[in-house]
Amino acid sequence: MASEIFGNRAFTRFWTARSASGFAYHMTAVAVGWQVYDLTGSALMLGLVGLVEFLPQFLLTLVVGQVADRFDRRRIAGVCQLVEAAALLLLLAEAAGGLLGLGGIFACVALIGAARAFETPTLQALLPSLVAPESLPRMLAWSGSVWKTAMILGPAAGGVLFMLGPGVVYGLGALVYVLASLAVLSIPAAAKVPAPAGSLWSTALDGLRFIRRRPIIFGAISLDLFSVLLGGATSLLPVFARDILAVGPGGLGALRAAPALGALAMSLYLTRFPLKRRVGRTMFAAVAVFGLSTIVFGLSRSFPLSVAALAVLGAGDMISVVIRSTLVQIDTPDALRGRVSAVNAVFIGTSNQLGDFESGLIAAALGATGAVVVGGLGALVVVALWMRFFPELARRDRLVPHVPAVGRPGET
């Protein structure tokens with residue numbers, strides 16, 4: 001397995017770039033969240049951070065897919081990471097001299113959201129061209145483990161470095177984004193992606209049409225959308241860290257890292273023991289674990305229990321992510337991967353960033369605990385409904401379609 005992974009230089013550079021970008025993003029998300037909550041004391045404002053990041057992703061969906069299917073995916077991702085570095089330098093200026101204010105912070109978040117709108121689906125579409133189809137599930141799990149490692153180290157570093165000042169976090173984040181850009185640009189050029197045929201508007205909608213005609217893909221993506229939209233608690237972690245658990249910025253970093261720690265452990269397990277059978281039912285079970293863990297976290301008043309609940313939540317989510325990502329990439333032709341990945345990224349962005357906004361709204365009415373518990377219950381309801389709405393997904397047995405072995409000439 002090690003030779004399969006480390007012997008592929010293109011894949012090694014890919015996950016180096018992806019993990020560096022993830023480290024920078026999650027490290028600076030801690031700083032932005034704490035800074036906004038410290039300035040406003042409002043859970044609603046924390047929710048608005050997610051909404052402001054999501055809107056560019058939603059508005060740019062059709063453009064993103066076209067770009068990813070028409071141009072060099074390495075260069076798209078590299079430029080986006082440089083834009084994210086520039087946004088962090090603006091936040092650094094704000095931290096140093098208070099030049100931007102709250103509105104300027106939101107503008108930088110929107111710029112990061114716009115860059116990630118292009119970066120995320122482009123990287124998703126790039127990966128299958130770097131590995132053999134039969135290796136894709138294992139490589140996705142390995143890539144996920146590196147990404148989750150960044151999600152552990154990023155928030156932990158962000159929480160600790162924030163004590164030295166938000167400018168330290170933003171400056172280091174900008175540097176890491178530049179390194180990520182250099183890594184992705186060093187990936188050897190792949191075969192040129194053929195330009196989609198047809199009008200811009202017609203081809204832009206091809207990704208949506210393709211997903212809608214594939215109940216397994218549509219079910220997997222929408223299951224993730226609604227479960228995380230309802231069950232996500234990430235935006236409220238500053239409230240739990242400061243007001244409920246009283247653990248400060250360092251504790252916030254630990255809370256943000258806990259889901260990634262659970263996901264990392266699960267992804268490493270999946271690289272050694274990849275999912276082979278009954279993947280549909282496994283996905284539904286994993287999302288149910290996600291919902292139950294969310295409820296436990298919302299009710300907990302113990303910091304160790306809260307961290308443990310978030311770790312189990314992350315492990316369940318990782319199983320769902322690997323299954324969904326593999327189904328989307330395996331069942332989608334390369335010529336459509338950019339547009340399909342763009343739609344997939346919007347679904348993910350909707351569940352994460354718009355879910356943060358939804359959590360902030362409910363928390364303003366019911367409190368942080370009520371919002372998280374209601375969200376976890378909602379995720380369980382979604383699992384029950386989706387098993388009825390998408391029986392094809394529940395019945396899906398294998399990630400990679402089984403191809404019978406072909407005998408040698410002369411064999412029967």
# chains A, B, ... in the order shown; residues from 1 in each chain; ligands from 1
call {"tool": "select_by_dssp", "arguments": {"residues": "region 178-262 of chain A", "states": "helix (DSSP H, G or I)", "output": "PyMOL selection string"}}
result
chain A and resi 178-185+200-204+206-213+215-231+234-244+248-262
call {"tool": "closest_atom_pairs", "arguments": {"of": "region 251-306 of chain A", "to": "region 239-244 of chain A", "cutoff": "10 Å", "atoms": "only C-alpha atoms", "output": "tab-separated table"}}
result
residue	atom	partner	partner_atom	distance
A:Gly251	CA	A:Ala241	CA	6.2
A:Leu252	CA	A:Ala241	CA	5.3
A:Gly253	CA	A:Ala241	CA	9.1
A:Ala254	CA	A:Ala241	CA	9.5
A:Leu255	CA	A:Ala241	CA	7.8
A:Arg256	CA	A:Ala241	CA	10.0
A:Phe297	CA	A:Phe240	CA	9.9
A:Gly298	CA	A:Phe240	CA	9.0
A:Ser300	CA	A:Ile244	CA	9.4
A:Arg301	CA	A:Ile244	CA	7.1
A:Ser302	CA	A:Ile244	CA	9.4
A:Phe303	CA	A:Ala241	CA	8.9
A:Ser306	CA	A:Phe240	CA	9.6
call {"tool": "residues_around", "arguments": {"residues": "Ile330 (chain A)", "least_positions_apart": "5", "cutoff": "12 Å", "atoms": "only C-alpha atoms", "output": "short mmCIF file (atom, residue, chain, number, x, y, z; two decimals) with C-alpha atoms, in the first residue's frame"}}
result
data_model
loop_
_atom_site.label_atom_id
_atom_site.label_comp_id
_atom_site.auth_asym_id
_atom_site.auth_seq_id
_atom_site.Cartn_x
_atom_site.Cartn_y
_atom_site.Cartn_z
CA GLN A 124 -12.18 16.76 -6.63
CA ALA A 125 -12.24 16.48 -10.42
CA LEU A 127 -7.89 13.35 -8.33
CA PRO A 128 -9.39 10.56 -10.53
CA SER A 129 -7.00 11.50 -13.34
CA VAL A 131 -4.88 7.26 -9.94
CA ALA A 132 -6.28 4.03 -11.39
CA PRO A 133 -10.05 3.54 -10.90
CA GLU A 134 -9.60 0.45 -8.72
CA SER A 135 -7.28 2.45 -6.42
CA LEU A 136 -9.63 5.40 -6.07
CA PRO A 137 -11.49 4.33 -2.87
CA LEU A 140 -9.76 8.88 -1.32
CA ILE A 216 -27.68 6.75 -6.25
CA ILE A 217 -25.56 9.89 -6.75
CA VAL A 322 -15.62 8.26 1.46
CA ILE A 323 -18.70 6.44 0.17
CA ARG A 324 -20.26 9.57 -1.34
CA SER A 325 -17.03 10.82 -2.90
CA LEU A 336 -18.38 15.79 -16.68
CA ARG A 337 -16.43 15.60 -13.45
CA VAL A 340 -20.68 17.35 -11.30
CA SER A 341 -18.03 18.17 -8.69
CA ARG A 398 -20.08 -2.18 -3.96
CA LEU A 399 -18.31 1.14 -4.39
CA VAL A 400 -16.52 0.11 -7.59
CA PRO A 401 -18.74 -1.93 -9.94
#
call {"tool": "closest_residue", "arguments": {"among": "A:Leu164, A:Val374, A:Ile152, A:Ile112", "to": "Ala31 (chain A)", "atoms": "only C-alpha atoms"}}
result
A:Leu164
call {"tool": "residues_around", "arguments": {"residues": "Ala150 (chain A)", "least_positions_apart": "4", "cutoff": "6 Å", "atoms": "only C-alpha atoms", "output": "NGL selection string"}}
result
:A and (19 or 22-23 or 154)
call {"tool": "closest_residue", "arguments": {"among": "A:Met163, A:Ala29, A:Leu99, A:Ala233", "to": "Thr369 (chain A)", "atoms": "only C-alpha atoms"}}
result
A:Ala233
call {"tool": "residues_around", "arguments": {"residues": "Gly97 (chain A)", "least_positions_apart": "5", "cutoff": "10 Å", "atoms": "only C-alpha atoms", "output": "list of chain:residue names"}}
result
A:Leu91, A:Leu92, A:Gly167
call {"tool": "atom_distance", "arguments": {"atom1": "CA of Val79 (chain A)", "atom2": "CA of Leu185 (chain A)"}}
result
9.1 Å
call {"tool": "closest_residue", "arguments": {"among": "A:Pro333, A:Gly33, A:Pro56, A:Gly65", "to": "Ala110 (chain A)", "atoms": "only C-alpha atoms"}}
result
A:Pro56
call {"tool": "atom_distance", "arguments": {"atom1": "CA of Leu313 (chain A)", "atom2": "CA of Phe290 (chain A)"}}
result
4.6 Å
call {"tool": "atom_distance", "arguments": {"atom1": "CA of Gly173 (chain A)", "atom2": "CA of Leu161 (chain A)"}}
result
11.0 Å
call {"tool": "residues_around", "arguments": {"residues": "Val67 (chain A)", "least_positions_apart": "4", "cutoff": "10 Å", "atoms": "only C-alpha atoms", "output": "count of residues only"}}
result
13
